[in-house]
file target28.cif (mmCIF, C-alpha atoms)
data_work
loop_
_atom_site.label_atom_id
_atom_site.label_comp_id
_atom_site.auth_asym_id
_atom_site.auth_seq_id
_atom_site.Cartn_x
_atom_site.Cartn_y
_atom_site.Cartn_z
CA MET A 296 12.49 27.40 -8.70
CA MET A 297 9.41 25.69 -10.10
CA ALA A 298 6.14 27.55 -9.75
CA VAL A 299 3.24 25.93 -7.91
CA ALA A 300 -0.05 25.81 -9.78
CA LEU A 301 -2.60 26.28 -7.01
CA GLU A 302 -5.48 25.25 -9.26
CA PRO A 303 -4.02 22.63 -11.62
CA MET A 304 -6.09 20.70 -14.09
CA VAL A 305 -7.22 17.61 -12.18
CA PRO A 306 -8.39 14.54 -14.08
CA ARG A 307 -11.25 13.16 -12.01
CA VAL A 308 -10.44 9.90 -10.26
CA ARG A 309 -13.54 7.72 -10.30
CA ALA A 310 -14.47 5.30 -7.57
CA SER A 311 -15.87 2.17 -9.19
CA TRP A 312 -16.86 -0.17 -6.38
CA THR A 313 -20.39 -0.78 -5.25
CA SER A 314 -22.04 0.57 -2.11
CA SER A 315 -24.03 -2.59 -1.47
CA GLY A 316 -21.18 -4.67 -0.12
CA ARG A 317 -20.96 -6.56 -3.44
CA ARG A 318 -18.52 -6.31 -6.32
CA HIS A 319 -19.91 -5.57 -9.76
CA ASP A 320 -19.84 -9.32 -10.54
CA GLY A 321 -22.26 -9.85 -7.62
CA THR A 322 -19.82 -11.52 -5.22
CA ARG A 323 -19.56 -10.39 -1.62
CA CYS A 324 -16.74 -8.05 -0.74
CA THR A 325 -15.28 -5.89 1.93
CA GLY A 326 -14.93 -2.33 0.72
CA VAL A 327 -11.16 -2.25 1.20
CA HIS A 328 -10.76 -5.07 -1.32
CA ASP A 329 -12.59 -3.14 -4.00
CA VAL A 330 -10.58 -0.01 -3.24
CA ARG A 331 -7.55 -2.04 -4.43
CA GLU A 332 -9.32 -2.70 -7.75
CA CYS A 333 -9.79 1.03 -8.20
CA GLY A 334 -6.15 1.40 -7.15
CA ALA A 335 -5.06 -0.72 -10.12
CA ARG A 336 -6.46 1.89 -12.48
CA SER A 337 -4.89 4.73 -10.50
CA TYR A 338 -1.55 2.93 -10.56
CA ARG A 339 -1.69 2.60 -14.36
CA ARG A 340 -2.15 6.37 -14.55
CA GLN A 341 0.85 6.79 -12.26
CA LEU A 342 3.00 4.63 -14.55
CA ARG A 343 2.00 6.72 -17.54
CA GLY A 344 3.27 9.74 -15.62
CA ALA A 345 6.67 8.02 -15.12
CA LEU A 346 6.47 8.36 -11.34
CA ARG A 347 8.46 6.23 -8.97
CA PRO A 348 5.77 4.64 -6.78
CA LEU A 349 5.79 5.47 -3.08
CA THR A 350 5.62 1.76 -2.34
CA SER A 351 8.99 1.16 -4.01
CA LEU A 352 10.90 3.16 -1.41
CA ALA A 353 11.59 0.36 1.10
CA LEU A 354 11.97 -2.69 -1.13
CA GLY A 355 15.63 -3.31 -0.30
CA PRO A 356 15.18 -3.36 3.48
CA LEU A 357 11.98 -5.41 3.11
CA LEU A 358 13.72 -8.13 1.11
CA ASP A 359 16.72 -8.05 3.43
CA ALA A 360 14.43 -8.58 6.43
CA ALA A 361 12.81 -11.56 4.69
CA GLN A 362 16.24 -12.99 3.78
CA VAL A 363 15.29 -13.18 0.12
CA ALA A 364 18.06 -14.80 -1.91
CA ALA A 365 18.61 -17.04 -4.92
CA GLY A 366 16.60 -20.25 -4.81
CA ARG A 367 14.30 -19.16 -1.99
CA ARG A 368 10.56 -19.74 -2.46
CA VAL A 369 8.92 -16.36 -1.93
CA LEU A 370 5.25 -15.44 -1.62
CA ASP A 371 4.31 -11.78 -2.08
CA VAL A 372 0.83 -11.20 -0.62
CA ALA A 373 -1.27 -8.22 -1.72
CA THR A 374 1.31 -7.93 -4.48
CA GLY A 375 -0.42 -5.02 -6.20
CA PRO A 376 1.55 -4.23 -9.37
CA GLY A 377 4.24 -6.72 -8.33
CA LEU A 378 6.98 -4.37 -7.15
CA ALA A 379 8.20 -6.59 -4.31
CA ALA A 380 7.79 -9.70 -6.45
CA ALA A 381 9.98 -8.15 -9.15
CA ALA A 382 12.62 -7.18 -6.61
CA ALA A 383 12.66 -10.76 -5.30
CA LEU A 384 13.01 -12.08 -8.85
CA GLY A 385 16.01 -9.81 -9.21
CA ARG A 386 17.66 -11.68 -6.35
CA GLY A 387 17.08 -15.03 -8.03
CA ALA A 388 14.14 -16.18 -5.90
CA ALA A 389 11.25 -18.31 -7.15
CA VAL A 390 8.34 -15.90 -6.74
CA THR A 391 4.58 -16.21 -6.44
CA GLY A 392 2.39 -13.15 -6.03
CA VAL A 393 -1.26 -12.92 -5.00
CA ASP A 394 -3.76 -10.08 -4.83
CA VAL A 395 -7.50 -9.89 -4.27
CA SER A 396 -7.79 -7.47 -7.20
CA PRO A 397 -7.92 -9.07 -10.67
CA GLY A 398 -6.81 -5.76 -12.16
CA MET A 399 -3.67 -5.73 -10.04
CA VAL A 400 -2.90 -9.35 -10.94
CA VAL A 401 -3.17 -8.58 -14.66
CA LEU A 402 -0.92 -5.54 -14.23
CA ALA A 403 1.68 -7.53 -12.28
CA GLN A 404 1.72 -10.51 -14.65
CA ARG A 405 2.18 -8.33 -17.72
CA ALA A 406 5.00 -6.40 -16.09
CA HIS A 407 6.77 -9.42 -14.56
CA PRO A 408 6.09 -12.57 -16.58
CA SER A 409 8.82 -14.58 -14.82
CA ALA A 410 6.77 -14.67 -11.60
CA ALA A 411 3.51 -16.54 -11.08
CA PHE A 412 0.58 -14.32 -10.11
CA GLN A 413 -2.97 -15.26 -9.21
CA VAL A 414 -6.08 -13.81 -7.60
CA ALA A 415 -6.35 -14.84 -3.96
CA ASP A 416 -7.43 -13.41 -0.63
CA VAL A 417 -4.78 -13.20 2.07
CA VAL A 418 -7.12 -14.89 4.56
CA ALA A 419 -7.61 -17.91 2.27
CA LEU A 420 -4.34 -18.60 0.48
CA PRO A 421 -4.55 -21.47 -2.04
CA PHE A 422 -1.25 -23.04 -1.00
CA PRO A 423 -0.22 -25.98 1.19
CA ASN A 424 1.24 -25.65 4.66
CA GLY A 425 4.91 -24.69 4.68
CA GLY A 426 5.16 -24.02 0.96
CA PHE A 427 7.33 -20.88 1.12
CA ASP A 428 10.65 -19.87 2.63
CA ALA A 429 9.64 -16.21 2.85
CA VAL A 430 6.38 -14.28 2.87
CA LEU A 431 6.41 -10.58 1.95
CA CYS A 432 3.83 -7.83 2.09
CA ASN A 433 4.72 -4.41 0.73
CA PHE A 434 2.58 -1.63 2.26
CA ALA A 435 -0.76 -3.42 2.36
CA LEU A 436 -1.04 -4.50 6.00
CA GLY A 437 -3.20 -1.55 7.05
CA HIS A 438 -5.71 -2.37 4.31
CA PHE A 439 -6.48 -5.86 5.63
CA PRO A 440 -9.95 -5.96 7.22
CA GLU A 441 -8.87 -8.98 9.33
CA PRO A 442 -5.15 -8.57 10.03
CA GLU A 443 -4.93 -11.33 12.65
CA ALA A 444 -6.53 -13.84 10.27
CA ALA A 445 -4.27 -12.64 7.47
CA LEU A 446 -1.12 -13.13 9.56
CA ALA A 447 -2.23 -16.58 10.69
CA GLU A 448 -2.72 -17.64 7.08
CA CYS A 449 0.67 -16.23 6.04
CA VAL A 450 2.37 -18.12 8.86
CA ARG A 451 0.55 -21.30 7.84
CA VAL A 452 2.14 -21.28 4.37
CA LEU A 453 5.57 -20.37 5.76
CA ALA A 454 8.04 -23.23 6.09
CA PRO A 455 9.61 -23.96 9.50
CA GLY A 456 12.53 -21.57 9.85
CA GLY A 457 11.07 -19.29 7.18
CA VAL A 458 10.81 -15.53 7.57
CA LEU A 459 7.87 -13.17 7.21
CA ALA A 460 8.47 -9.46 6.55
CA PHE A 461 5.83 -6.75 6.14
CA SER A 462 6.25 -3.02 5.55
CA TRP A 463 3.82 -0.36 6.72
CA TRP A 464 3.80 3.40 7.07
CA ASP A 465 4.72 5.48 10.10
CA GLN A 466 2.33 8.08 11.48
CA PRO A 467 1.19 10.81 9.04
CA ALA A 468 3.19 13.38 11.01
CA ARG A 469 6.31 11.63 9.68
CA GLN A 470 4.97 9.98 6.50
CA ARG A 471 4.15 13.29 4.94
CA VAL A 472 2.55 12.21 1.66
CA GLN A 473 -0.08 10.43 3.77
CA GLY A 474 -0.17 13.40 6.14
CA LEU A 475 -0.70 15.98 3.42
CA PHE A 476 -3.61 14.04 1.93
CA ARG A 477 -5.21 13.42 5.32
CA GLU A 478 -4.91 17.10 6.22
CA THR A 479 -6.47 18.03 2.88
CA ILE A 480 -9.37 15.65 3.50
CA ALA A 481 -9.85 17.06 7.01
CA GLU A 482 -9.82 20.66 5.76
CA LEU A 483 -12.56 19.82 3.26
CA GLY A 484 -14.50 17.82 5.86
CA LEU A 485 -14.75 14.76 3.62
CA PRO A 486 -16.07 11.53 5.14
CA PRO A 487 -14.46 8.14 4.42
CA HIS A 488 -15.75 6.44 1.30
CA PRO A 489 -18.93 4.54 2.27
CA ASP A 490 -17.48 1.22 1.11
CA VAL A 491 -14.58 1.40 3.55
CA PRO A 492 -15.76 -0.67 6.56
CA GLN A 493 -16.87 1.47 9.50
CA GLY A 494 -14.17 1.62 12.12
CA HIS A 495 -11.42 0.40 9.81
CA ASP A 496 -8.19 1.99 11.08
CA THR A 497 -5.33 2.16 8.59
CA LEU A 498 -3.17 3.80 11.29
CA ARG A 499 -3.30 0.88 13.73
CA PHE A 500 0.08 -0.53 12.70
CA CYS A 501 1.73 2.87 12.47
CA ASP A 502 2.44 2.08 16.13
CA PRO A 503 5.52 -0.19 16.22
CA GLU A 504 4.34 -1.85 19.44
CA ALA A 505 1.02 -2.81 17.83
CA PHE A 506 2.90 -4.03 14.76
CA ALA A 507 5.19 -6.22 16.88
CA ALA A 508 2.25 -7.53 18.92
CA LEU A 509 0.51 -8.62 15.72
CA LEU A 510 3.58 -10.57 14.61
CA ARG A 511 4.04 -12.23 18.01
CA GLY A 512 0.33 -13.03 18.19
CA ALA A 513 0.70 -14.97 14.94
CA GLY A 514 3.24 -17.23 16.65
CA LEU A 515 6.39 -15.76 15.10
CA GLY A 516 9.67 -15.61 16.99
CA ARG A 517 12.64 -13.25 16.73
CA VAL A 518 10.23 -10.42 16.02
CA GLY A 519 11.63 -7.03 15.16
CA VAL A 520 10.14 -3.77 13.92
CA THR A 521 12.61 -1.32 12.42
CA ALA A 522 11.95 2.32 11.51
CA TYR A 523 13.17 3.73 8.21
CA ARG A 524 13.34 7.35 7.07
CA THR A 525 13.81 8.70 3.56
CA SER A 526 12.33 11.34 1.25
CA HIS A 527 10.37 11.26 -1.97
CA ALA A 528 11.41 13.70 -4.70
CA LEU A 529 8.61 14.93 -6.95
CA PRO A 530 8.80 17.59 -9.65
CA ASP A 531 5.52 19.32 -8.85
CA VAL A 532 2.15 19.14 -7.16
CA ASP A 533 0.57 17.27 -10.07
CA ALA A 534 3.09 14.48 -9.49
CA LEU A 535 2.32 14.51 -5.75
CA TRP A 536 -1.38 14.25 -6.52
CA ARG A 537 -0.86 11.26 -8.81
CA ALA A 538 1.49 9.59 -6.31
CA GLY A 539 -1.05 9.86 -3.50
CA MET A 540 -4.12 8.96 -5.53
CA GLY A 541 -2.32 5.99 -7.05
CA GLY A 542 -0.48 4.78 -3.98
CA MET A 543 -2.81 5.27 -1.00
CA ALA A 544 -5.97 3.44 -1.94
CA VAL A 545 -7.99 3.77 1.26
CA THR A 546 -7.06 7.36 2.12
CA ALA A 547 -7.43 8.52 -1.49
CA SER A 548 -10.86 6.91 -1.82
CA ALA A 549 -12.35 9.75 0.24
CA ILE A 550 -11.29 12.14 -2.54
CA ALA A 551 -11.97 9.73 -5.41
CA ALA A 552 -15.63 9.56 -4.38
CA GLN A 553 -16.09 13.32 -4.87
CA ASP A 554 -17.23 15.30 -7.89
CA GLU A 555 -14.77 17.05 -10.20
CA ALA A 556 -15.08 20.43 -8.50
CA THR A 557 -14.36 18.99 -5.05
CA GLN A 558 -11.37 17.07 -6.38
CA ALA A 559 -10.02 20.30 -7.89
CA ARG A 560 -10.41 22.02 -4.50
CA ALA A 561 -8.59 19.12 -2.85
CA CYS A 562 -5.69 19.45 -5.25
CA SER A 563 -5.52 23.20 -4.61
CA ILE A 564 -5.40 22.64 -0.83
CA LEU A 565 -2.77 19.94 -1.27
CA ALA A 566 -0.62 22.35 -3.30
CA ARG A 567 -0.81 25.00 -0.57
CA ARG A 568 0.08 22.54 2.18
CA ALA A 569 2.95 20.99 0.19
CA GLU A 570 4.65 24.32 -0.46
CA VAL A 571 6.71 23.98 2.74
CA TYR A 572 8.55 21.06 1.11
CA ARG A 573 9.52 22.92 -2.06
CA GLY A 574 13.19 23.20 -2.97
CA PRO A 575 15.24 24.12 -6.05
CA GLN A 576 14.47 20.79 -7.75
CA GLY A 577 10.80 20.55 -6.83
CA LEU A 578 9.15 18.90 -3.85
CA LYS A 579 11.08 16.78 -1.36
CA ILE A 580 8.56 15.03 0.88
CA PRO A 581 9.68 13.26 4.09
CA ILE A 582 8.71 9.58 4.19
CA ALA A 583 8.79 7.22 7.17
CA CYS A 584 7.86 3.58 7.49
CA PHE A 585 8.37 0.42 9.51
CA ILE A 586 9.46 -3.05 8.50
CA GLY A 587 8.30 -5.79 10.82
CA SER A 588 9.65 -9.31 10.57
CA GLY A 589 9.63 -12.60 12.40
CA LYS A 590 10.72 -16.21 12.00
CA LYS A 591 8.57 -19.33 12.08
CA VAL A 592 10.37 -20.99 14.92
CA THR A 593 11.17 -24.67 15.22
CA LEU A 594 11.80 -26.72 18.34
CA GLY A 595 15.52 -26.09 18.07
CA ASP A 596 15.21 -22.28 17.97
#

call {"tool": "encode", "arguments": {"input": "target28.cif", "output": "structure tokens"}}
result
Amino acid sequence: MMAVALEPMVPRVRASWTSSGRRHDGTRCTGVHDVRECGARSYRRQLRGALRPLTSLALGPLLDAAQVAAGRRVLDVATGPGLAAAAALGRGAAVTGVDVSPGMVVLAQRAHPSAAFQVADVVALPFPNGGFDAVLCNFALGHFPEPEAALAECVRVLAPGGVLAFSWWDQPARQRVQGLFRETIAELGLPPHPDVPQGHDTLRFCDPEAFAALLRGAGLGRVGVTAYRTSHALPDVDALWRAGMGGMAVTASAIAAQDEATQARACSILARRAEVYRGPQGLKIPIACFIGSGKKVTLGD
């Protein structure tokens, strides 16, 4: 059995967005957008640690729900490092990925040169009406400051008869990587990062009824929200720390904003709370998520 280091060495994760509501280049922002830019750096650290990203765990069901197949025109919104885009390429689709973070776009394009990536905001997509057969979003829905506007824009670029499929997490009681980090933050009494918009609720679409209502409100038909359960195997607490800090941008930002000593305390608390999931091969963390999908209906449907 692997020993748990209750006070591991913790490289400080630095928040690098502004508190004035502007990016460092002076343009206006919402804080959640700039959290994704910090997330690009965290994700690069995660890759160097050879971790399987949390956000890769539901790619198969996500692409199945979107009916991704050879020759289909696929848009991956909030593509991040391009995991869903790469999976769609693997099925022979023609893939475009967009993200508001330039750092994420650079990361995705370098990793997956056969897809086309560009910087774009999900509420202002630079594409014509009906340009895609499928629109994907892999675990970014809860980060959108304006989810209704985002869905409307995604449906606009979806061709008649096309399919939209989004993944999002279940409640932290069942998505235990999220739960462990949130419980750690609560134990320390940490506030949300000041750049995360006040009142922003990343848990809103952890409710499958709210998720389905969002899809129907965007005008989609044949809406379905399906629950998925799996587990995430990690060798140790250091790997869990990197997975959470690199894969949960908004939640992790509360820790990333802290000084080195507070981050070390957070990692120690996380180790204690994660011990219940330890087995002979390391940590086995329960994961739960939803995949919501709908079709852009035509008169004949």

call {"tool": "resolve_selection", "arguments": {"input": "target28.cif", "expression": "the PyMOL selection byres ((chain A and resi 357) around 8)", "output": "list in words"}}
result
Ala353, Leu354, Gly355, Pro356, Leu358, Asp359, Ala360, Ala361, Leu431, Asn433, Ala460, Phe461, Ser462 and Ile586 of chain A

call {"tool": "resolve_selection", "arguments": {"input": "target28.cif", "expression": "the PyMOL selection byres ((chain A and resi 366-369) around 8)", "output": "PyMOL selection string"}}
result
chain A and resi 363-365+370-371+383+387-391+426-431

call {"tool": "write_last_selection", "arguments": {"input": "target28.cif", "atoms": "C-alpha atoms", "output": "compact mmCIF listing (two decimals), in the coordinates of the input"}}
result
# COMPACT_ATOMS: atom_id res chain seq x y z
CA VAL A 363 15.29 -13.18 0.12
CA ALA A 364 18.06 -14.80 -1.91
CA ALA A 365 18.61 -17.04 -4.92
CA LEU A 370 5.25 -15.44 -1.62
CA ASP A 371 4.31 -11.78 -2.08
CA ALA A 383 12.66 -10.76 -5.30
CA GLY A 387 17.08 -15.03 -8.03
CA ALA A 388 14.14 -16.18 -5.90
CA ALA A 389 11.25 -18.31 -7.15
CA VAL A 390 8.34 -15.90 -6.74
CA THR A 391 4.58 -16.21 -6.44
CA GLY A 426 5.16 -24.02 0.96
CA PHE A 427 7.33 -20.88 1.12
CA ASP A 428 10.65 -19.87 2.63
CA ALA A 429 9.64 -16.21 2.85
CA VAL A 430 6.38 -14.28 2.87
CA LEU A 431 6.41 -10.58 1.95

call {"tool": "residues_around", "arguments": {"input": "target28.cif", "residues": "Pro503 in chain A", "least_positions_apart": "6", "cutoff": "9 Å", "atoms": "all atoms listed in the file", "output": "ChimeraX atom specification"}}
result
/A:465,520-522,585,587

call {"tool": "atom_distance", "arguments": {"input": "target28.cif", "atom1": "CA of Pro440 in chain A", "atom2": "CA of Thr374 in chain A"}}
result
16.4 Å

call {"tool": "closest_residue", "arguments": {"input": "target28.cif", "among": "A:Leu475, A:Met540, A:Arg451, A:Phe439", "to": "Pro492 in chain A", "atoms": "only C-alpha atoms"}}
result
A:Phe439

call {"tool": "atom_distance", "arguments": {"input": "target28.cif", "atom1": "CA of Ser548 in chain A", "atom2": "CA of Ala528 in chain A"}}
result
23.5 Å

call {"tool": "atom_distance", "arguments": {"input": "target28.cif", "atom1": "CA of Gly375 in chain A", "atom2": "CA of Ala411 in chain A"}}
result
13.1 Å

call {"tool": "residues_around", "arguments": {"input": "target28.cif", "residues": "Arg477 in chain A", "least_positions_apart": "6", "cutoff": "12 Å", "atoms": "all atoms listed in the file", "output": "list in words"}}
result
Gln466, Pro467, Ala468, Gln470, Arg471, Leu483, Gly484, Leu485, Pro486, Pro487, Thr497, Leu498, Gly539, Met540, Met543, Val545, Thr546, Ala547, Ser548, Ala549, Ile550, Ala561, Ile564, Leu565 and Arg568 of chain A

call {"tool": "resolve_selection", "arguments": {"input": "target28.cif", "expression": "the PyMOL selection byres ((chain A and resi 569-582) around 8)", "output": "JSON, numbers by chain"}}
result
{"A": [296, 297, 299, 469, 470, 471, 472, 475, 524, 525, 526, 527, 528, 529, 530, 531, 532, 565, 566, 567, 568, 583, 584]}

call {"tool": "closest_residue", "arguments": {"input": "target28.cif", "among": "A:Trp463, A:Gly456, A:Glu443, A:Thr557", "to": "Val418 in chain A", "atoms": "all atoms listed in the file"}}
result
A:Glu443

call {"tool": "residues_near_point", "arguments": {"input": "target28.cif", "point": "(9.2, -4.1, -5.3)", "cutoff": "8 Å", "atoms": "all atoms listed in the file", "output": "JSON list (two decimals) with C-alpha atoms, in the coordinates of the input"}}
result
[["chain", "number", "residue", "atom", "x", "y", "z"],
["A", 350, "THR", "CA", 5.62, 1.76, -2.34],
["A", 351, "SER", "CA", 8.99, 1.16, -4.01],
["A", 354, "LEU", "CA", 11.97, -2.69, -1.13],
["A", 377, "GLY", "CA", 4.24, -6.72, -8.33],
["A", 378, "LEU", "CA", 6.98, -4.37, -7.15],
["A", 379, "ALA", "CA", 8.20, -6.59, -4.31],
["A", 380, "ALA", "CA", 7.79, -9.70, -6.45],
["A", 381, "ALA", "CA", 9.98, -8.15, -9.15],
["A", 382, "ALA", "CA", 12.62, -7.18, -6.61],
["A", 383, "ALA", "CA", 12.66, -10.76, -5.30],
["A", 433, "ASN", "CA", 4.72, -4.41, 0.73]]

call {"tool": "closest_residue", "arguments": {"input": "target28.cif", "among": "A:Cys562, A:His488, A:Leu594, A:Gln493", "to": "Asp533 in chain A", "atoms": "only C-alpha atoms"}}
result
A:Cys562

call {"tool": "closest_residue", "arguments": {"input": "target28.cif", "among": "A:Leu446, A:Val400, A:Leu352, A:Ala373", "to": "Leu510 in chain A", "atoms": "all atoms listed in the file"}}
result
A:Leu446

call {"tool": "axis_aligned_box", "arguments": {"input": "target28.cif", "around": "range 520-528 of chain A", "padding_each_side": "8 Å", "output": "lines of an AutoDock Vina configuration file"}}
result
center_x = 12.0
center_y = 5.0
center_z = 4.6
size_x = 19.7
size_y = 33.5
size_z = 34.6

call {"tool": "closest_residue", "arguments": {"input": "target28.cif", "among": "A:Gln553, A:Leu402, A:Ala454, A:Val491", "to": "Lys590 in chain A", "atoms": "only C-alpha atoms"}}
result
A:Ala454
